[in-house]
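Containing PDB, C-alpha atoms: structure35.pdb.
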```pdb
ATOM      1  CA  MET L   1     -18.408  -8.653  24.068  1.00  0.00           C
ATOM      2  CA  THR L   2     -17.658 -12.007  22.476  1.00  0.00           C
ATOM      3  CA  ASP L   3     -14.047 -13.115  22.132  1.00  0.00           C
ATOM      4  CA  GLY L   4     -14.163 -12.335  18.400  1.00  0.00           C
ATOM      5  CA  THR L   5     -15.579  -8.869  18.982  1.00  0.00           C
ATOM      6  CA  GLU L   6     -12.981  -8.137  21.644  1.00  0.00           C
ATOM      7  CA  ALA L   7     -10.180  -9.271  19.356  1.00  0.00           C
ATOM      8  CA  THR L   8     -11.475  -7.058  16.563  1.00  0.00           C
ATOM      9  CA  ALA L   9     -11.688  -4.085  18.910  1.00  0.00           C
ATOM     10  CA  ARG L  10      -8.139  -4.673  20.155  1.00  0.00           C
ATOM     11  CA  ALA L  11      -6.823  -4.929  16.610  1.00  0.00           C
ATOM     12  CA  ARG L  12      -8.605  -1.709  15.630  1.00  0.00           C
ATOM     13  CA  ALA L  13      -7.188   0.092  18.660  1.00  0.00           C
ATOM     14  CA  ALA L  14      -3.691  -1.173  17.862  1.00  0.00           C
ATOM     15  CA  ARG L  15      -3.978   0.109  14.288  1.00  0.00           C
ATOM     16  CA  ALA L  16      -5.181   3.482  15.570  1.00  0.00           C
ATOM     17  CA  ARG L  17      -2.195   3.746  17.929  1.00  0.00           C
ATOM     18  CA  ALA L  18       0.193   2.797  15.139  1.00  0.00           C
ATOM     19  CA  PHE L  19      -1.229   5.419  12.807  1.00  0.00           C
ATOM     20  CA  LEU L  20      -1.119   8.063  15.527  1.00  0.00           C
ATOM     21  CA  ALA L  21       2.549   7.281  16.201  1.00  0.00           C
ATOM     22  CA  CYS L  22       3.390   7.543  12.499  1.00  0.00           C
ATOM     23  CA  ALA L  23       1.387  10.726  11.930  1.00  0.00           C
ATOM     24  CA  THR L  24       2.964  12.256  15.036  1.00  0.00           C
ATOM     25  CA  GLU L  25       6.457  11.525  13.725  1.00  0.00           C
ATOM     26  CA  VAL L  26       5.767  13.142  10.341  1.00  0.00           C
ATOM     27  CA  ALA L  27       4.263  16.154  12.090  1.00  0.00           C
ATOM     28  CA  ARG L  28       7.274  16.377  14.421  1.00  0.00           C
ATOM     29  CA  LEU L  29       9.639  16.484  11.462  1.00  0.00           C
ATOM     30  CA  LEU L  30       7.570  19.378  10.094  1.00  0.00           C
ATOM     31  CA  GLY L  31       7.608  21.212  13.426  1.00  0.00           C
ATOM     32  CA  ILE L  32       3.899  20.568  14.084  1.00  0.00           C
ATOM     33  CA  GLU L  33       2.925  19.775  17.663  1.00  0.00           C
ATOM     34  CA  ASP L  34       0.247  17.327  18.746  1.00  0.00           C
ATOM     35  CA  ASP L  35      -2.282  19.058  20.988  1.00  0.00           C
ATOM     36  CA  GLY L  36      -3.174  15.693  22.512  1.00  0.00           C
ATOM     37  CA  GLN L  37      -6.924  16.196  22.218  1.00  0.00           C
ATOM     38  CA  GLY L  38      -9.449  13.662  20.978  1.00  0.00           C
ATOM     39  CA  THR L  39      -9.333   9.921  20.424  1.00  0.00           C
ATOM     40  CA  ASP L  40      -6.342   8.297  18.747  1.00  0.00           C
ATOM     41  CA  PRO L  41      -7.998   8.139  15.290  1.00  0.00           C
ATOM     42  CA  ARG L  42      -9.164  11.763  15.503  1.00  0.00           C
ATOM     43  CA  ARG L  43      -5.769  13.013  16.669  1.00  0.00           C
ATOM     44  CA  ALA L  44      -3.999  11.087  13.920  1.00  0.00           C
ATOM     45  CA  ARG L  45      -6.301  12.387  11.195  1.00  0.00           C
ATOM     46  CA  HIS L  46      -5.977  15.939  12.529  1.00  0.00           C
ATOM     47  CA  LEU L  47      -2.172  15.726  12.452  1.00  0.00           C
ATOM     48  CA  ALA L  48      -2.262  14.228   8.967  1.00  0.00           C
ATOM     49  CA  GLY L  49      -4.450  17.092   7.798  1.00  0.00           C
ATOM     50  CA  ARG L  50      -2.155  19.704   9.303  1.00  0.00           C
ATOM     51  CA  SER L  51       0.848  18.034   7.679  1.00  0.00           C
ATOM     52  CA  ARG L  52      -0.676  17.804   4.227  1.00  0.00           C
ATOM     53  CA  LYS L  53      -0.113  21.378   3.050  1.00  0.00           C
ATOM     54  CA  PRO L  54       3.556  21.734   4.098  1.00  0.00           C
ATOM     55  CA  LEU L  55       4.305  18.328   2.608  1.00  0.00           C
ATOM     56  CA  ARG L  56       2.719  19.256  -0.713  1.00  0.00           C
ATOM     57  CA  GLU L  57       4.345  22.669  -0.827  1.00  0.00           C
ATOM     58  CA  SER L  58       7.860  21.465  -0.081  1.00  0.00           C
ATOM     59  CA  ALA L  59      10.340  21.844  -2.931  1.00  0.00           C
ATOM     60  CA  GLY L  60      12.133  18.728  -1.728  1.00  0.00           C
ATOM     61  CA  LEU L  61      11.946  16.775   1.499  1.00  0.00           C
ATOM     62  CA  PRO L  62      15.145  15.754   3.317  1.00  0.00           C
ATOM     63  CA  GLU L  63      16.120  12.094   3.437  1.00  0.00           C
ATOM     64  CA  ARG L  64      14.940  11.757   7.041  1.00  0.00           C
ATOM     65  CA  PHE L  65      11.329  12.029   5.843  1.00  0.00           C
ATOM     66  CA  PHE L  66      11.257   8.969   3.597  1.00  0.00           C
ATOM     67  CA  VAL L  67      10.870   6.164   6.131  1.00  0.00           C
ATOM     68  CA  PRO L  68       8.330   8.053   8.307  1.00  0.00           C
ATOM     69  CA  LEU L  69       6.272   8.991   5.227  1.00  0.00           C
ATOM     70  CA  MET L  70       6.096   5.394   4.039  1.00  0.00           C
ATOM     71  CA  ALA L  71       5.305   4.146   7.533  1.00  0.00           C
ATOM     72  CA  ALA L  72       2.478   6.678   7.819  1.00  0.00           C
ATOM     73  CA  ALA L  73       1.127   5.778   4.369  1.00  0.00           C
ATOM     74  CA  VAL L  74       1.011   2.104   5.300  1.00  0.00           C
ATOM     75  CA  ALA L  75      -0.425   2.756   8.768  1.00  0.00           C
ATOM     76  CA  ASP L  76      -3.191   5.065   7.533  1.00  0.00           C
ATOM     77  CA  PRO L  77      -6.368   2.933   7.668  1.00  0.00           C
ATOM     78  CA  ASP L  78      -8.248   5.048   5.128  1.00  0.00           C
ATOM     79  CA  PRO L  79      -7.510   4.314   1.441  1.00  0.00           C
ATOM     80  CA  SER L  80      -8.885   7.742   0.534  1.00  0.00           C
ATOM     81  CA  PHE L  81      -6.318   9.610   2.638  1.00  0.00           C
ATOM     82  CA  CYS L  82      -3.123   7.526   2.703  1.00  0.00           C
ATOM     83  CA  GLY L  83      -2.175   9.333  -0.510  1.00  0.00           C
ATOM     84  CA  TRP L  84      -1.454  12.400   1.621  1.00  0.00           C
ATOM     85  CA  PHE L  85       1.780  10.644   2.594  1.00  0.00           C
ATOM     86  CA  VAL L  86       2.446   8.712  -0.609  1.00  0.00           C
ATOM     87  CA  GLU L  87       2.268  11.669  -2.966  1.00  0.00           C
ATOM     88  CA  PRO L  88       4.951  13.858  -1.344  1.00  0.00           C
ATOM     89  CA  ALA L  89       7.203  10.802  -1.167  1.00  0.00           C
ATOM     90  CA  LEU L  90       6.705  10.252  -4.902  1.00  0.00           C
ATOM     91  CA  TYR L  91       7.673  13.808  -5.757  1.00  0.00           C
ATOM     92  CA  SER L  92      10.652  14.101  -3.424  1.00  0.00           C
ATOM     93  CA  PHE L  93      12.093  10.575  -3.623  1.00  0.00           C
ATOM     94  CA  GLY L  94      10.730   9.136  -6.864  1.00  0.00           C
ATOM     95  CA  ARG L  95       8.226   6.471  -7.821  1.00  0.00           C
ATOM     96  CA  ARG L  96      10.830   3.726  -8.014  1.00  0.00           C
ATOM     97  CA  ARG L  97      11.848   4.095  -4.383  1.00  0.00           C
ATOM     98  CA  VAL L  98       8.245   4.313  -3.170  1.00  0.00           C
ATOM     99  CA  LEU L  99       7.229   1.190  -5.097  1.00  0.00           C
ATOM    100  CA  ALA L 100      10.250  -0.690  -3.765  1.00  0.00           C
ATOM    101  CA  ALA L 101       9.303   0.228  -0.198  1.00  0.00           C
ATOM    102  CA  LEU L 102       5.736  -0.994  -0.685  1.00  0.00           C
ATOM    103  CA  VAL L 103       6.945  -4.256  -2.218  1.00  0.00           C
ATOM    104  CA  GLU L 104       9.094  -4.800   0.865  1.00  0.00           C
ATOM    105  CA  TYR L 105       6.164  -4.109   3.188  1.00  0.00           C
ATOM    106  CA  LEU L 106       4.098  -6.658   1.270  1.00  0.00           C
ATOM    107  CA  ARG L 107       6.913  -9.199   1.396  1.00  0.00           C
ATOM    108  CA  SER L 108       7.828  -9.010   5.046  1.00  0.00           C
ATOM    109  CA  GLY L 109       5.427  -6.741   6.918  1.00  0.00           C
ATOM    110  CA  THR L 110       2.852  -7.654   9.510  1.00  0.00           C
ATOM    111  CA  ASP L 111      -0.673  -8.397   8.315  1.00  0.00           C
ATOM    112  CA  ALA L 112      -1.621  -4.797   9.122  1.00  0.00           C
ATOM    113  CA  GLU L 113       1.379  -3.465   7.169  1.00  0.00           C
ATOM    114  CA  ARG L 114       0.637  -5.714   4.217  1.00  0.00           C
ATOM    115  CA  ALA L 115      -2.947  -4.469   4.109  1.00  0.00           C
ATOM    116  CA  GLY L 116      -1.609  -0.907   4.300  1.00  0.00           C
ATOM    117  CA  ALA L 117       0.798  -1.523   1.426  1.00  0.00           C
ATOM    118  CA  LEU L 118      -2.134  -2.716  -0.690  1.00  0.00           C
ATOM    119  CA  ARG L 119      -4.036   0.497   0.064  1.00  0.00           C
ATOM    120  CA  ALA L 120      -1.018   2.679  -0.674  1.00  0.00           C
ATOM    121  CA  TRP L 121      -0.123   0.940  -3.959  1.00  0.00           C
ATOM    122  CA  TYR L 122      -2.964   2.648  -5.778  1.00  0.00           C
ATOM    123  CA  TRP L 123      -1.602   6.084  -4.868  1.00  0.00           C
ATOM    124  CA  ALA L 124       1.930   5.087  -5.836  1.00  0.00           C
ATOM    125  CA  GLY L 125       0.730   4.810  -9.429  1.00  0.00           C
ATOM    126  CA  VAL L 126      -0.847   8.244  -9.814  1.00  0.00           C
ATOM    127  CA  PRO L 127       0.516  10.439 -12.638  1.00  0.00           C
ATOM    128  CA  LEU L 128       3.076  13.058 -11.634  1.00  0.00           C
ATOM    129  CA  SER L 129       3.074  16.580 -13.015  1.00  0.00           C
ATOM    130  CA  ALA L 130       5.165  19.696 -12.547  1.00  0.00           C
ATOM    131  CA  ASP L 131       2.173  21.825 -11.585  1.00  0.00           C
ATOM    132  CA  ARG L 132       1.218  19.471  -8.764  1.00  0.00           C
ATOM    133  CA  SER L 133       4.316  19.897  -6.602  1.00  0.00           C
ATOM    134  CA  PRO L 134       7.385  22.148  -6.571  1.00  0.00           C
ATOM    135  CA  ALA L 135       9.379  19.010  -5.780  1.00  0.00           C
ATOM    136  CA  TYR L 136       8.670  17.577  -9.237  1.00  0.00           C
ATOM    137  CA  ALA L 137      11.735  19.211 -10.780  1.00  0.00           C
ATOM    138  CA  PRO L 138      13.324  21.679  -8.356  1.00  0.00           C
ATOM    139  CA  ASN L 139      16.363  22.004 -10.633  1.00  0.00           C
ATOM    140  CA  GLY L 140      14.314  22.447 -13.792  1.00  0.00           C
ATOM    141  CA  THR L 141      14.519  18.813 -14.894  1.00  0.00           C
ATOM    142  CA  ARG L 142      13.494  15.493 -13.379  1.00  0.00           C
ATOM    143  CA  ASP L 143      15.730  12.446 -13.668  1.00  0.00           C
ATOM    144  CA  PRO L 144      13.666   9.709 -15.400  1.00  0.00           C
ATOM    145  CA  ALA L 145      15.438   7.097 -13.275  1.00  0.00           C
ATOM    146  CA  LEU L 146      13.569   8.419 -10.222  1.00  0.00           C
ATOM    147  CA  ASP L 147      10.279   7.120 -11.591  1.00  0.00           C
ATOM    148  CA  ALA L 148      11.369   4.044 -13.533  1.00  0.00           C
ATOM    149  CA  SER L 149       9.333   1.068 -12.377  1.00  0.00           C
ATOM    150  CA  ARG L 150      10.933  -1.659 -14.485  1.00  0.00           C
ATOM    151  CA  GLY L 151      11.051  -4.883 -12.500  1.00  0.00           C
ATOM    152  CA  LEU L 152       9.127  -3.534  -9.532  1.00  0.00           C
ATOM    153  CA  ARG L 153       5.661  -4.304 -10.841  1.00  0.00           C
ATOM    154  CA  GLU L 154       6.771  -7.861 -11.463  1.00  0.00           C
ATOM    155  CA  ALA L 155       8.184  -7.961  -7.926  1.00  0.00           C
ATOM    156  CA  TRP L 156       4.802  -6.697  -6.689  1.00  0.00           C
ATOM    157  CA  LEU L 157       3.003  -9.509  -8.512  1.00  0.00           C
ATOM    158  CA  GLU L 158       5.330 -12.067  -6.960  1.00  0.00           C
ATOM    159  CA  ALA L 159       4.806 -10.573  -3.496  1.00  0.00           C
ATOM    160  CA  LEU L 160       1.034 -10.688  -4.052  1.00  0.00           C
ATOM    161  CA  LEU L 161       1.109 -14.362  -4.978  1.00  0.00           C
ATOM    162  CA  ARG L 162       3.316 -15.245  -2.020  1.00  0.00           C
ATOM    163  CA  GLY L 163       1.250 -13.063   0.281  1.00  0.00           C
ATOM    164  CA  TYR L 164      -1.919 -14.853  -0.805  1.00  0.00           C
ATOM    165  CA  GLY L 165      -0.456 -18.191   0.227  1.00  0.00           C
ATOM    166  CA  GLU L 166       0.962 -16.870   3.493  1.00  0.00           C
ATOM    167  CA  ALA L 167      -2.099 -14.922   4.647  1.00  0.00           C
ATOM    168  CA  THR L 168      -3.868 -16.454   7.640  1.00  0.00           C
ATOM    169  CA  ASP L 169      -6.445 -13.683   7.880  1.00  0.00           C
ATOM    170  CA  PRO L 170      -9.255 -14.237   5.335  1.00  0.00           C
ATOM    171  CA  ARG L 171      -9.735 -10.477   5.048  1.00  0.00           C
ATOM    172  CA  LEU L 172      -6.119  -9.942   4.047  1.00  0.00           C
ATOM    173  CA  ARG L 173      -6.284 -12.776   1.529  1.00  0.00           C
ATOM    174  CA  HIS L 174      -9.358 -11.171   0.001  1.00  0.00           C
ATOM    175  CA  GLN L 175      -7.572  -7.813  -0.195  1.00  0.00           C
ATOM    176  CA  VAL L 176      -4.643  -9.478  -1.973  1.00  0.00           C
ATOM    177  CA  LEU L 177      -7.056 -11.145  -4.396  1.00  0.00           C
ATOM    178  CA  TYR L 178      -8.331  -7.728  -5.496  1.00  0.00           C
ATOM    179  CA  TRP L 179      -4.891  -6.931  -6.966  1.00  0.00           C
ATOM    180  CA  LEU L 180      -4.303 -10.273  -8.695  1.00  0.00           C
ATOM    181  CA  PRO L 181      -4.945 -10.224 -12.470  1.00  0.00           C
ATOM    182  CA  ASP L 182      -7.315 -12.919 -13.747  1.00  0.00           C
ATOM    183  CA  ALA L 183      -5.396 -13.634 -16.946  1.00  0.00           C
ATOM    184  CA  ARG L 184      -2.393 -15.968 -17.003  1.00  0.00           C
ATOM    185  CA  GLU L 185      -0.660 -13.832 -19.630  1.00  0.00           C
ATOM    186  CA  SER L 186      -0.498 -10.999 -17.079  1.00  0.00           C
ATOM    187  CA  TYR L 187       2.077 -13.022 -15.140  1.00  0.00           C
ATOM    188  CA  PRO L 188       5.635 -13.455 -16.401  1.00  0.00           C
ATOM    189  CA  SER L 189       6.581 -17.064 -17.146  1.00  0.00           C
ATOM    190  CA  ARG L 190       8.914 -17.283 -14.167  1.00  0.00           C
ATOM    191  CA  LEU L 191       5.900 -16.808 -11.867  1.00  0.00           C
ATOM    192  CA  HIS L 192       3.691 -19.461 -13.472  1.00  0.00           C
ATOM    193  CA  ASP L 193       4.621 -22.196 -10.977  1.00  0.00           C
ATOM    194  CA  LEU L 194       3.843 -19.839  -8.107  1.00  0.00           C
ATOM    195  CA  LEU L 195       0.610 -18.842  -9.848  1.00  0.00           C
ATOM    196  CA  ASP L 196      -0.397 -22.511 -10.145  1.00  0.00           C
ATOM    197  CA  ARG L 197       0.159 -23.030  -6.408  1.00  0.00           C
ATOM    198  CA  THR L 198      -1.942 -19.954  -5.703  1.00  0.00           C
ATOM    199  CA  LEU L 199      -4.684 -21.211  -8.007  1.00  0.00           C
ATOM    200  CA  GLY L 200      -4.701 -24.494  -6.121  1.00  0.00           C
ATOM    201  CA  LEU L 201      -5.441 -22.612  -2.897  1.00  0.00           C
ATOM    202  CA  ALA L 202      -8.067 -20.404  -4.498  1.00  0.00           C
ATOM    203  CA  ARG L 203      -9.989 -23.325  -6.028  1.00  0.00           C
ATOM    204  CA  THR L 204     -10.798 -24.672  -2.567  1.00  0.00           C
ATOM    205  CA  ASP L 205     -11.206 -21.381  -0.711  1.00  0.00           C
ATOM    206  CA  PRO L 206     -14.509 -21.050   1.202  1.00  0.00           C
ATOM    207  CA  ASP L 207     -15.030 -17.624  -0.375  1.00  0.00           C
ATOM    208  CA  ALA L 208     -16.718 -17.858  -3.767  1.00  0.00           C
ATOM    209  CA  ASP L 209     -14.843 -14.783  -5.054  1.00  0.00           C
ATOM    210  CA  HIS L 210     -11.589 -16.732  -4.828  1.00  0.00           C
ATOM    211  CA  ARG L 211     -13.009 -19.757  -6.611  1.00  0.00           C
ATOM    212  CA  ARG L 212     -14.393 -17.547  -9.373  1.00  0.00           C
ATOM    213  CA  TRP L 213     -10.968 -15.892  -9.840  1.00  0.00           C
ATOM    214  CA  ALA L 214      -9.324 -19.296 -10.244  1.00  0.00           C
ATOM    215  CA  ALA L 215     -12.103 -20.475 -12.569  1.00  0.00           C
ATOM    216  CA  ARG L 216     -11.623 -17.492 -14.876  1.00  0.00           C
ATOM    217  CA  ILE L 217      -7.937 -18.276 -15.294  1.00  0.00           C
ATOM    218  CA  ASP L 218      -8.615 -22.003 -15.681  1.00  0.00           C
ATOM    219  CA  ARG L 219     -11.334 -21.390 -18.260  1.00  0.00           C
ATOM    220  CA  ALA L 220      -9.126 -19.056 -20.310  1.00  0.00           C
ATOM    221  CA  GLY L 221      -6.357 -21.652 -20.221  1.00  0.00           C
ATOM    222  CA  SER L 222      -8.623 -24.446 -21.460  1.00  0.00           C
ATOM    223  CA  GLU L 223      -9.977 -22.257 -24.242  1.00  0.00           C
ATOM    224  CA  GLY L 224      -6.473 -21.354 -25.352  1.00  0.00           C
TER     225      GLY L 224
END
```
Would you write the structure of this file as structure tokens?
Amino acid sequence: MTDGTEATARARAARARAFLACATEVARLLGIEDDGQGTDPRRARHLAGRSRKPLRESAGLPERFFVPLMAAAVADPDPSFCGWFVEPALYSFGRRRVLAALVEYLRSGTDAERAGALRAWYWAGVPLSADRSPAYAPNGTRDPALDASRGLREAWLEALLRGYGEATDPRLRHQVLYWLPDARESYPSRLHDLLDRTLGLARTDPDADHRRWAARIDRAGSEG
């Protein structure tokens, strides 16, 4: 193996161990035991699958589940499955709290946690409905404040812009770019200075996708 290949393999193994630890903790809280068979990724996915049904069928998860659920959602390397942890958190604890947790991961997490927050953000925006989970309104009504996202989407945009500038891994920077709007009017005025600094970085990025993103915003600005 080359040094780069070895580093990639170590990083992948570390992510697999982290996800296994998180999936194991959620399963433990549900009373599900790990049989210890298979590789770390297989064990983690198996535990996540066994946890999915009791999580979805719960009429309301206790407070002790929130942090482990968010940790598992962020640690899950598969964007198609991390929703298994996000969705029950949305129903039991509300969209506002889930979004706030993901913003914090993006602000101050490790590179792996930031990438995980980006994957989980999609699922945090899915529509909620009473027929999807008994936790939607266990008392017959759902407090609208649970799902209010006012201010948090702006906080997410700010964390994206700062994360773009702070990212040292080109892959993470590219993942952040995917979530950045390419219209200046999509950013509140208080973020325009930060946006301009981000554009300055993107204009000289070796990756053409980044330069094209900056060019689209620049071109729209000159036309306006």
- May I have the residues within 10 Å of Tyr122 (chain L) as a VMD selection string, using all atoms listed in the file and disregarding those fewer than 4 positions away in the same chain? chain L and resid 79 82 to 83 86 117 to 118 126 179
- Message: What's the separation between CA of Arg95 (chain L) and CA of Ala115 (chain L), in Å to one decimal place?
- Response: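 Pair CA of Arg95 (chain L) / CA of Ala115 (chain L) returns 19.7 Å.
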- Task: List every protein, DNA or RNA residue that has at least one atom no more than 12 Å from (-1.7, 17.3, -7.2) in the file's coordinates, counting all atoms listed in the file, and write the result as a PyMOL selection string.
- Result: chain L and resi 52-53+55-57+83-84+86-88+90-91+123+126-136
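The residues caught by the PyMOL selection byres ((chain L and resi 152) around 10) in this file are Arg96, Arg97, Leu99, Ala100, Leu102, Val103, Ala148, Ser149, Arg150, Gly151, Arg153, Glu154, Ala155, Trp156, Leu157 and Glu158 of chain L.
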- Item | Explicit residues for the PyMOL selection byres ((chain L and resi 177) around 9) (as a PyMOL selection string) | chain L and resi 160-161+164+172-176+178-181+209-210+213
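The nearest approach to Pro77 (chain L) among the residues L:Ala16, L:Ala137, L:Ile32, L:Ala89, with all atoms listed in the file taken into account, belongs to L:Ala16.
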- Can you list, as a count of residues only, the residues that the PyMOL selection byres ((chain L and resi 105) around 12) selects here? 34
Axis-aligned box for all listed atoms of region 69-83 of chain L, 5 Å per side, centre and edges in Å to one decimal, as AutoDock Vina command-line options:
```
--center_x -1.3 --center_y 5.9 --center_z 4.1 --size_x 25.2 --size_y 17.5 --size_z 19.3
```
- Residue nearest Phe85 (chain L) among L:Pro62, L:Pro170, L:Pro138, L:Pro68 (counting only C-alpha atoms):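 Ranked by minimum distance to Phe85 (chain L), first place goes to L:Pro68.
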- Between L:Gly94, L:Pro206, L:Gly165, L:Pro41, single out the one closest to Ala18 (chain L), counting all atoms listed in the file.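 The closest residue to Ala18 (chain L) is L:Pro41.
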- Query: What would the list of residues within 12 Å of (-9.6, -21.6, -6.1) (file frame) look like as a count of residues only, if only C-alpha atoms are what count?
  - Reply: 28
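CA of Val26 (chain L) is positioned 15.9 Å from CA of Arg42 (chain L).
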- Nearest to Arg28 (chain L), chosen from L:Leu194, L:Ala220, L:Leu47, L:Ala145, with all atoms listed in the file counted in the distances: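 Among the listed residues, the smallest separation from Arg28 (chain L) belongs to L:Leu47.
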